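Visitor: So here's my_file34.json (JSON, C-alpha atoms).
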[["chain", "number", "residue", "atom", "x", "y", "z"],
["A", 493, "MET", "CA", 0.00, 0.00, 0.00],
["A", 494, "ASN", "CA", 1.19, 3.50, -0.82],
["A", 495, "TRP", "CA", 0.65, 5.16, 2.55],
["A", 496, "HIS", "CA", 1.51, 8.63, 1.23],
["A", 497, "GLU", "CA", -1.42, 8.45, -1.21],
["A", 498, "THR", "CA", -3.71, 6.75, 1.29],
["A", 499, "PHE", "CA", -3.05, 9.35, 3.96],
["A", 500, "SER", "CA", -3.64, 12.17, 1.47],
["A", 501, "HIS", "CA", -7.05, 10.68, 0.64],
["A", 502, "TRP", "CA", -7.94, 10.08, 4.28],
["A", 503, "ALA", "CA", -6.97, 13.65, 5.22],
["A", 504, "GLU", "CA", -9.68, 15.12, 3.01],
["A", 505, "ALA", "CA", -12.86, 16.51, 4.51],
["A", 506, "PRO", "CA", -16.21, 15.00, 3.44],
["A", 507, "SER", "CA", -17.67, 15.88, 0.07],
["A", 508, "GLU", "CA", -20.26, 18.60, -0.43],
["A", 509, "THR", "CA", -22.92, 15.89, -0.82],
["A", 510, "GLU", "CA", -22.08, 14.38, 2.56],
["A", 511, "GLU", "CA", -21.97, 17.79, 4.18],
["A", 512, "SER", "CA", -25.36, 18.73, 2.72],
["A", 513, "LYS", "CA", -26.88, 15.48, 4.05],
["A", 514, "ALA", "CA", -25.45, 16.23, 7.47],
["A", 515, "GLU", "CA", -26.82, 19.76, 7.42],
["A", 516, "ARG", "CA", -30.22, 18.46, 6.33],
["A", 517, "ALA", "CA", -30.30, 15.98, 9.23],
["A", 518, "ALA", "CA", -29.48, 18.73, 11.69],
["A", 519, "ARG", "CA", -32.08, 21.06, 10.20],
["A", 520, "MET", "CA", -34.83, 18.41, 10.28],
["A", 521, "VAL", "CA", -34.13, 17.59, 13.94],
["A", 522, "ARG", "CA", -34.16, 21.28, 14.89],
["A", 523, "GLU", "CA", -37.49, 21.77, 13.12],
["A", 524, "ALA", "CA", -38.98, 18.66, 14.73],
["A", 525, "LEU", "CA", -38.15, 19.86, 18.23],
["A", 526, "ARG", "CA", -39.09, 23.49, 17.71],
["A", 527, "ASP", "CA", -42.46, 22.60, 16.15],
["A", 528, "ALA", "CA", -43.45, 20.03, 18.78],
["A", 529, "ASP", "CA", -46.27, 20.92, 21.17],
["A", 530, "ALA", "CA", -44.38, 19.34, 24.05],
["A", 531, "MET", "CA", -41.48, 21.74, 23.53],
["A", 532, "ARG", "CA", -43.48, 24.96, 23.24],
["A", 533, "GLY", "CA", -42.52, 27.50, 25.88],
["A", 534, "ARG", "CA", -39.33, 25.64, 26.75],
["A", 535, "ASP", "CA", -36.07, 27.60, 26.69],
["A", 536, "PHE", "CA", -33.68, 25.38, 24.74],
["A", 537, "ASP", "CA", -31.24, 25.47, 21.84],
["A", 538, "ILE", "CA", -30.04, 22.89, 19.32],
["A", 539, "ILE", "CA", -26.32, 23.02, 18.57],
["A", 540, "ALA", "CA", -24.00, 20.83, 16.53],
["A", 541, "ILE", "CA", -21.24, 19.14, 18.49],
["A", 542, "GLY", "CA", -18.71, 16.44, 17.71],
["A", 543, "SER", "CA", -16.78, 15.91, 14.50],
["A", 544, "TYR", "CA", -19.16, 17.71, 12.12],
["A", 545, "ARG", "CA", -19.07, 20.87, 14.20],
["A", 546, "ASN", "CA", -15.30, 20.65, 14.64],
["A", 547, "ASN", "CA", -14.55, 19.67, 11.03],
["A", 548, "THR", "CA", -12.73, 16.48, 11.98],
["A", 549, "ASN", "CA", -15.27, 14.14, 10.40],
["A", 550, "VAL", "CA", -14.14, 11.62, 7.82],
["A", 551, "ARG", "CA", -15.69, 10.74, 4.47],
["A", 552, "ALA", "CA", -18.72, 8.45, 4.73],
["A", 553, "GLY", "CA", -19.24, 9.63, 8.30],
["A", 554, "ARG", "CA", -21.62, 7.69, 10.48],
["A", 555, "ASP", "CA", -23.86, 10.32, 12.02],
["A", 556, "VAL", "CA", -24.37, 13.92, 13.08],
["A", 557, "ASP", "CA", -24.06, 14.74, 16.78],
["A", 558, "LEU", "CA", -26.54, 17.31, 18.07],
["A", 559, "ALA", "CA", -26.94, 18.70, 21.57],
["A", 560, "ALA", "CA", -30.37, 19.80, 22.74],
["A", 561, "VAL", "CA", -29.48, 22.20, 25.56],
["A", 562, "LEU", "CA", -32.10, 23.21, 28.11],
["A", 563, "SER", "CA", -31.24, 26.72, 29.25],
["A", 564, "SER", "CA", -33.68, 26.98, 32.14],
["A", 565, "ALA", "CA", -31.87, 24.46, 34.35],
["A", 566, "GLN", "CA", -28.22, 23.97, 35.26],
["A", 567, "TRP", "CA", -25.70, 21.85, 37.08],
["A", 568, "SER", "CA", -22.76, 23.53, 38.73],
["A", 569, "GLU", "CA", -19.16, 23.08, 39.84],
["A", 570, "PHE", "CA", -18.13, 25.15, 42.85],
["A", 571, "PRO", "CA", -14.65, 26.13, 44.08],
["A", 572, "ALA", "CA", -13.24, 23.98, 46.85],
["A", 573, "ASP", "CA", -12.75, 26.99, 49.14],
["A", 574, "GLY", "CA", -16.50, 27.45, 49.53],
["A", 575, "SER", "CA", -16.49, 31.00, 48.18],
["A", 576, "VAL", "CA", -19.44, 30.14, 45.92],
["A", 577, "THR", "CA", -22.18, 27.69, 46.84],
["A", 578, "ARG", "CA", -25.76, 26.87, 45.89],
["A", 579, "GLU", "CA", -26.81, 29.02, 48.82],
["A", 580, "THR", "CA", -24.62, 31.91, 47.68],
["A", 581, "LEU", "CA", -26.32, 31.84, 44.29],
["A", 582, "ARG", "CA", -29.76, 31.05, 45.71],
["A", 583, "LEU", "CA", -30.17, 28.10, 43.40],
["A", 584, "THR", "CA", -33.22, 25.86, 43.73],
["A", 585, "ASP", "CA", -34.16, 22.53, 42.17],
["A", 586, "ALA", "CA", -35.76, 22.88, 38.72],
["A", 587, "SER", "CA", -39.24, 21.41, 38.28],
["A", 588, "TYR", "CA", -38.48, 20.68, 34.61],
["A", 589, "ALA", "CA", -35.03, 19.15, 34.17],
["A", 590, "LEU", "CA", -33.21, 16.38, 32.33],
["A", 591, "PRO", "CA", -35.69, 13.45, 32.71],
["A", 592, "GLU", "CA", -38.66, 15.51, 31.52],
["A", 593, "PHE", "CA", -36.61, 17.15, 28.76],
["A", 594, "ARG", "CA", -35.37, 13.76, 27.50],
["A", 595, "ASN", "CA", -38.92, 12.38, 27.41],
["A", 596, "ASP", "CA", -40.24, 15.38, 25.49],
["A", 597, "ILE", "CA", -37.41, 15.18, 22.96],
["A", 598, "GLY", "CA", -38.19, 11.51, 22.35],
["A", 599, "ARG", "CA", -41.87, 12.28, 21.91],
["A", 600, "ALA", "CA", -41.14, 15.10, 19.45],
["A", 601, "LEU", "CA", -38.76, 13.00, 17.35],
["A", 602, "ARG", "CA", -41.16, 10.05, 17.17],
["A", 603, "GLU", "CA", -43.98, 12.36, 16.07],
["A", 604, "ARG", "CA", -41.87, 13.75, 13.23],
["A", 605, "PHE", "CA", -39.88, 10.71, 12.07],
["A", 606, "GLY", "CA", -41.99, 7.77, 13.27],
["A", 607, "GLY", "CA", -41.38, 5.37, 16.10],
["A", 608, "ASN", "CA", -39.47, 2.86, 13.97],
["A", 609, "ASP", "CA", -36.84, 5.45, 12.97],
["A", 610, "VAL", "CA", -36.12, 6.77, 16.46],
["A", 611, "GLY", "CA", -34.11, 4.76, 18.97],
["A", 612, "ARG", "CA", -33.58, 5.71, 22.59],
["A", 613, "GLY", "CA", -30.40, 4.92, 24.44],
["A", 614, "ARG", "CA", -29.32, 5.75, 27.98],
["A", 615, "ILE", "CA", -27.63, 8.97, 26.83],
["A", 616, "SER", "CA", -28.78, 9.86, 23.31],
["A", 617, "LEU", "CA", -31.71, 9.41, 20.99],
["A", 618, "THR", "CA", -30.91, 8.29, 17.45],
["A", 619, "VAL", "CA", -32.77, 9.27, 14.30],
["A", 620, "ASP", "CA", -32.02, 6.69, 11.61],
["A", 621, "GLU", "CA", -30.53, 7.64, 8.26],
["A", 622, "GLY", "CA", -32.86, 8.52, 5.39],
["A", 623, "SER", "CA", -32.23, 8.79, 1.66],
["A", 624, "ALA", "CA", -31.47, 12.51, 1.93],
["A", 625, "ARG", "CA", -29.95, 12.72, 5.40],
["A", 626, "LEU", "CA", -27.39, 11.10, 7.64],
["A", 627, "SER", "CA", -28.44, 9.58, 10.94],
["A", 628, "ALA", "CA", -28.39, 11.93, 13.92],
["A", 629, "ASP", "CA", -27.60, 11.36, 17.59],
["A", 630, "VAL", "CA", -29.54, 13.85, 19.70],
["A", 631, "THR", "CA", -28.33, 14.21, 23.28],
["A", 632, "PRO", "CA", -30.26, 16.23, 25.87],
["A", 633, "TYR", "CA", -28.11, 18.47, 28.08],
["A", 634, "LEU", "CA", -28.52, 21.05, 30.78],
["A", 635, "ILE", "CA", -26.27, 24.07, 31.11],
["A", 636, "HIS", "CA", -23.13, 23.39, 33.16],
["A", 637, "ARG", "CA", -21.42, 26.26, 34.99],
["A", 638, "ARG", "CA", -17.96, 26.02, 36.55],
["A", 639, "TYR", "CA", -17.58, 28.83, 39.09],
["A", 640, "THR", "CA", -14.06, 30.13, 39.67],
["A", 641, "GLY", "CA", -14.57, 32.00, 42.93],
["A", 642, "ARG", "CA", -13.71, 35.30, 41.24],
["A", 643, "LEU", "CA", -16.04, 38.14, 40.33],
["A", 644, "PHE", "CA", -16.77, 39.66, 36.93],
["A", 645, "SER", "CA", -16.49, 43.43, 36.65],
["A", 646, "ASP", "CA", -20.27, 43.68, 36.98],
["A", 647, "GLY", "CA", -20.18, 41.93, 40.35],
["A", 648, "GLN", "CA", -21.50, 38.58, 39.12],
["A", 649, "TRP", "CA", -19.65, 35.39, 39.97],
["A", 650, "GLU", "CA", -17.27, 34.40, 37.17],
["A", 651, "ASN", "CA", -18.08, 31.06, 35.54],
["A", 652, "HIS", "CA", -17.23, 28.98, 32.49],
["A", 653, "VAL", "CA", -20.21, 27.65, 30.56],
["A", 654, "GLY", "CA", -20.42, 24.12, 29.19],
["A", 655, "VAL", "CA", -23.10, 21.45, 28.97],
["A", 656, "GLU", "CA", -23.81, 18.39, 31.10],
["A", 657, "THR", "CA", -25.91, 15.26, 30.80],
["A", 658, "ARG", "CA", -26.35, 12.08, 32.82],
["A", 659, "PRO", "CA", -27.25, 8.61, 31.55],
["A", 660, "ALA", "CA", -30.75, 7.35, 32.27],
["A", 661, "GLY", "CA", -30.57, 5.28, 35.43],
["A", 662, "GLU", "CA", -27.22, 6.81, 36.51],
["A", 663, "PRO", "CA", -28.18, 10.16, 38.05],
["A", 664, "THR", "CA", -24.77, 10.68, 39.69],
["A", 665, "ARG", "CA", -22.61, 10.01, 36.60],
["A", 666, "ARG", "CA", -21.70, 13.40, 35.17],
["A", 667, "ILE", "CA", -20.86, 13.79, 31.48],
["A", 668, "ILE", "CA", -19.57, 17.33, 31.01],
["A", 669, "GLN", "CA", -18.56, 18.83, 27.69],
["A", 670, "TRP", "CA", -17.29, 22.23, 26.60],
["A", 671, "PRO", "CA", -18.35, 22.54, 22.94],
["A", 672, "GLU", "CA", -17.57, 26.23, 22.43],
["A", 673, "GLN", "CA", -14.16, 26.03, 24.09],
["A", 674, "HIS", "CA", -13.46, 22.84, 22.08],
["A", 675, "TYR", "CA", -14.32, 24.53, 18.80],
["A", 676, "VAL", "CA", -12.19, 27.64, 19.46],
["A", 677, "ALA", "CA", -9.15, 25.66, 20.64],
["A", 678, "GLY", "CA", -9.40, 23.24, 17.71],
["A", 679, "VAL", "CA", -9.47, 26.08, 15.19],
["A", 680, "ALA", "CA", -6.44, 27.70, 16.84],
["A", 681, "LYS", "CA", -4.51, 24.40, 16.82],
["A", 682, "ASN", "CA", -5.34, 23.86, 13.16],
["A", 683, "GLN", "CA", -4.14, 27.33, 12.22],
["A", 684, "ALA", "CA", -0.94, 26.90, 14.22],
["A", 685, "THR", "CA", -0.12, 23.66, 12.37],
["A", 686, "ASN", "CA", -0.81, 24.88, 8.84],
["A", 687, "ARG", "CA", -4.16, 23.01, 8.91],
["A", 688, "ARG", "CA", -2.42, 19.72, 9.59],
["A", 689, "TYR", "CA", -3.96, 18.99, 13.02],
["A", 690, "LYS", "CA", -7.46, 18.16, 11.76],
["A", 691, "ARG", "CA", -6.07, 16.24, 8.79],
["A", 692, "ILE", "CA", -3.99, 14.01, 11.05],
["A", 693, "VAL", "CA", -7.08, 13.43, 13.21],
["A", 694, "ARG", "CA", -8.98, 12.25, 10.11],
["A", 695, "ILE", "CA", -6.06, 10.04, 9.06],
["A", 696, "LEU", "CA", -5.89, 8.31, 12.44],
["A", 697, "LYS", "CA", -9.66, 7.83, 12.51],
["A", 698, "CYS", "CA", -9.53, 6.16, 9.08],
["A", 699, "LEU", "CA", -6.53, 4.09, 10.16],
["A", 700, "ARG", "CA", -8.52, 2.99, 13.22],
["A", 701, "ASP", "CA", -11.39, 1.93, 10.95],
["A", 702, "GLN", "CA", -9.05, -0.03, 8.67],
["A", 703, "ILE", "CA", -7.46, -1.83, 11.62],
["A", 704, "ALA", "CA", -10.91, -2.66, 12.99],
["A", 705, "ALA", "CA", -11.80, -4.24, 9.64],
["A", 706, "ASP", "CA", -8.53, -5.87, 8.58],
["A", 707, "GLY", "CA", -6.23, -6.09, 11.62],
["A", 708, "THR", "CA", -5.41, -9.06, 13.78],
["A", 709, "VAL", "CA", -8.04, -10.14, 16.28],
["A", 710, "ALA", "CA", -6.17, -8.39, 19.10],
["A", 711, "ALA", "CA", -5.66, -5.21, 17.05],
["A", 712, "GLN", "CA", -9.32, -5.18, 16.03],
["A", 713, "SER", "CA", -10.36, -5.28, 19.68],
["A", 714, "ILE", "CA", -8.16, -2.30, 20.47],
["A", 715, "ALA", "CA", -9.34, -0.32, 17.45],
["A", 716, "MET", "CA", -13.00, -0.90, 18.19],
["A", 717, "ARG", "CA", -12.52, 0.46, 21.72],
["A", 718, "THR", "CA", -10.80, 3.60, 20.45],
["A", 719, "LYS", "CA", -13.47, 6.26, 20.00],
["A", 720, "SER", "CA", -13.22, 9.00, 17.41],
["A", 721, "CYS", "CA", -13.40, 11.74, 20.03],
["A", 722, "PHE", "CA", -10.56, 10.08, 21.96],
["A", 723, "ILE", "CA", -8.37, 10.28, 18.85],
["A", 724, "GLU", "CA", -9.25, 13.94, 18.35],
["A", 725, "HIS", "CA", -8.46, 14.83, 21.97],
["A", 726, "SER", "CA", -5.23, 12.84, 21.93],
["A", 727, "VAL", "CA", -3.84, 14.38, 18.72],
["A", 728, "PHE", "CA", -4.56, 17.85, 20.10],
["A", 729, "ASN", "CA", -1.75, 17.22, 22.61],
["A", 730, "VAL", "CA", 0.90, 16.52, 19.95],
["A", 731, "PRO", "CA", 3.36, 19.47, 19.85],
["A", 732, "ASN", "CA", 2.83, 21.88, 16.97],
["A", 733, "GLY", "CA", 6.39, 21.28, 15.82],
["A", 734, "ASP", "CA", 5.53, 17.67, 14.98],
["A", 735, "PHE", "CA", 3.13, 18.82, 12.26],
["A", 736, "ASP", "CA", 3.82, 20.13, 8.75],
["A", 737, "GLN", "CA", 7.10, 18.25, 8.47],
["A", 738, "SER", "CA", 7.06, 17.54, 4.74],
["A", 739, "GLU", "CA", 5.30, 19.38, 1.94],
["A", 740, "GLY", "CA", 3.00, 17.18, -0.12],
["A", 741, "THR", "CA", 2.74, 14.26, 2.29],
["A", 742, "TYR", "CA", 1.21, 13.57, 5.71],
["A", 743, "TYR", "CA", 3.25, 10.44, 6.33],
["A", 744, "ASN", "CA", 5.88, 12.03, 8.57],
["A", 745, "ASP", "CA", 3.28, 14.00, 10.52],
["A", 746, "ALA", "CA", 1.27, 10.85, 11.21],
["A", 747, "ARG", "CA", 4.41, 8.97, 12.21],
["A", 748, "ALA", "CA", 5.45, 11.77, 14.60],
["A", 749, "ALA", "CA", 1.98, 11.95, 16.16],
["A", 750, "VAL", "CA", 1.76, 8.20, 16.74],
["A", 751, "ALA", "CA", 5.26, 8.08, 18.22],
["A", 752, "TYR", "CA", 4.68, 11.06, 20.51],
["A", 753, "LEU", "CA", 1.39, 9.72, 21.87],
["A", 754, "TRP", "CA", 2.81, 6.23, 22.40],
["A", 755, "ARG", "CA", 5.65, 7.68, 24.46],
["A", 756, "ALA", "CA", 3.33, 10.03, 26.36],
["A", 757, "ALA", "CA", 0.99, 7.17, 27.26],
["A", 758, "ARG", "CA", 3.91, 5.31, 28.89],
["A", 759, "ASP", "CA", 5.10, 8.28, 30.98],
["A", 760, "PRO", "CA", 2.86, 9.02, 34.01],
["A", 761, "ALA", "CA", 3.98, 12.65, 34.15],
["A", 762, "GLN", "CA", 3.12, 13.24, 30.51],
["A", 763, "THR", "CA", -0.09, 11.26, 30.80],
["A", 764, "ALA", "CA", -1.27, 13.47, 33.65],
["A", 765, "ALA", "CA", -0.65, 16.58, 31.52],
["A", 766, "LEU", "CA", -2.76, 15.47, 28.55],
["A", 767, "VAL", "CA", -5.98, 17.46, 28.11],
["A", 768, "GLU", "CA", -9.14, 17.42, 26.06],
["A", 769, "VAL", "CA", -9.32, 19.82, 23.13],
["A", 770, "SER", "CA", -11.33, 22.32, 25.19],
["A", 771, "MET", "CA", -8.44, 22.46, 27.70],
["A", 772, "MET", "CA", -11.14, 22.53, 30.38],
["A", 773, "GLN", "CA", -10.49, 19.07, 31.77],
["A", 774, "PRO", "CA", -7.80, 16.37, 31.70],
["A", 775, "LEU", "CA", -7.95, 13.66, 29.05],
["A", 776, "PHE", "CA", -7.92, 10.82, 31.59],
["A", 777, "ARG", "CA", -10.53, 10.94, 34.34],
["A", 778, "ALA", "CA", -12.32, 8.42, 36.51],
["A", 779, "ASP", "CA", -15.61, 9.08, 34.68],
["A", 780, "GLU", "CA", -14.18, 8.28, 31.22],
["A", 781, "GLN", "CA", -13.90, 4.81, 29.72],
["A", 782, "TRP", "CA", -10.63, 5.41, 27.87],
["A", 783, "THR", "CA", -7.28, 4.99, 29.60],
["A", 784, "ALA", "CA", -3.59, 5.66, 29.06],
["A", 785, "LYS", "CA", -3.16, 1.94, 28.38],
["A", 786, "LEU", "CA", -5.69, 2.12, 25.54],
["A", 787, "LEU", "CA", -3.82, 5.09, 24.06],
["A", 788, "GLU", "CA", -0.54, 3.19, 24.29],
["A", 789, "ASP", "CA", -2.05, 0.05, 22.75],
["A", 790, "PHE", "CA", -3.77, 1.87, 19.89],
["A", 791, "MET", "CA", -0.67, 3.82, 18.93],
["A", 792, "PHE", "CA", 1.36, 0.62, 19.02],
["A", 793, "VAL", "CA", -1.01, -1.27, 16.69],
["A", 794, "ALA", "CA", -1.25, 1.81, 14.43],
["A", 795, "TRP", "CA", 2.56, 1.89, 14.16],
["A", 796, "GLN", "CA", 2.68, -1.81, 13.38],
["A", 797, "HIS", "CA", -0.19, -1.71, 10.88],
["A", 798, "VAL", "CA", 1.45, 1.03, 8.80],
["A", 799, "GLY", "CA", 4.95, -0.29, 9.31],
["A", 800, "PHE", "CA", 6.50, 3.02, 10.26],
["A", 801, "ALA", "CA", 10.28, 2.86, 10.41],
["A", 802, "ALA", "CA", 11.89, 3.16, 13.85]]
Represent the structure contained in this file as structure tokens.
Guide:
Amino acid sequence: MNWHETFSHWAEAPSETEESKAERAARMVREALRDADAMRGRDFDIIAIGSYRNNTNVRAGRDVDLAAVLSSAQWSEFPADGSVTRETLRLTDASYALPEFRNDIGRALRERFGGNDVGRGRISLTVDEGSARLSADVTPYLIHRRYTGRLFSDGQWENHVGVETRPAGEPTRRIIQWPEQHYVAGVAKNQATNRRYKRIVRILKCLRDQIAADGTVAAQSIAMRTKSCFIEHSVFNVPNGDFDQSEGTYYNDARAAVAYLWRAARDPAQTAALVEVSMMQPLFRADEQWTAKLLEDFMFVAWQHVGFAA
């Protein structure tokens, strides 16, 4: 296999046809929720998240990730020093929160697309693919605010705004994301690497898919456990100097990224310093399924599959 040519193909963003199908899926979901009787009077927004929003999606992408964010309820993180608390902010429990919001979203999607085309998982609802649209994963979120303990100039408590959801049946498991911070940091990284960062992300996602299809049984198991978002977060940590090494080929960039991440995964000090793209939380946390060992294993099988020279 000519890996230089293969990587160049994998680095490309989806075609206009694929992008238009993704946009149509997002538009149809937005319309379904905004037109539903159950959602009338509710303060919510529909935003794109994931690879389509961040332009790290590969050709023949699987689905569009959408966040339905309820603005009238929030979860919070408070500083450890107690300077800001629920009592300080006079917060009370919302009468309409995630369980009710999730149920109403499911009802609205089934009314628009039909019960057979809408599946409900513990975190997201899935609208199946149609002839003119990609499938869409719709995840209900509440606003998440991380309070710093400092004050804004207007006297309000400073906070960073993200989104949070919790799986059905696991009310204490917190899934917190920072989509706006993720988007801004990803764009900056891409610009700083001569647009190589997002291309290397796409290459490693495609390489993961090829290993999952054609690798050894052990390599397939590792690849299938390596999520696309984990690859995107991991590559964000590769130093900018490891990108844009050779004009006209991505081979050396991919090799450098795989080597750097393999070494980082084996060094506890480096592992602890790895962050998500948003830079709002560490890459490895107790509430995430991926681990440093998975990163080490995936980069090792990626190196072997391509046959990078030592």
Visitor: Suppose you want the space between CA of Pro760 (chain A) and CA of Cys698 (chain A); what is it in Å?
Guide: 28.0 Å
Visitor: Provide the CA of Gly641 (chain A) to CA of Leu581 (chain A) distance in Å, to one decimal place.
Guide: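 Atom-to-atom, CA of Gly641 (chain A) and CA of Leu581 (chain A) are spaced 11.8 Å apart.
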Visitor: Using all atoms listed in the file, which of A:Ala680, A:Ala710, A:Leu787, A:Ala765 sits nearest Ser726 (chain A)?
Guide: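 Ranking A:Ala680, A:Ala710, A:Leu787, A:Ala765 by distance to Ser726 (chain A), first place goes to A:Leu787.
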Visitor: Measuring between only C-alpha atoms, which one of A:Ile714, A:Leu525, A:Val750, A:Ile723 shows the shortest distance to Leu775 (chain A)?
Guide: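 The closest residue to Leu775 (chain A) is A:Ile723.
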Visitor: Restricting the calculation to only C-alpha atoms: of A:Thr708, A:Lys719, A:Glu603, A:Val619, which residue gets closest to Asp527 (chain A)?
Guide: A:Glu603
Visitor: For region 529-537 of chain A, I'd like the enclosing box, axis-aligned and padded by 3 Å on every side, reported as AutoDock Vina command-line options with centre and edge lengths in Å to one decimal.
Guide:
--center_x -38.8 --center_y 23.5 --center_z 24.0 --size_x 21.0 --size_y 14.3 --size_z 11.6
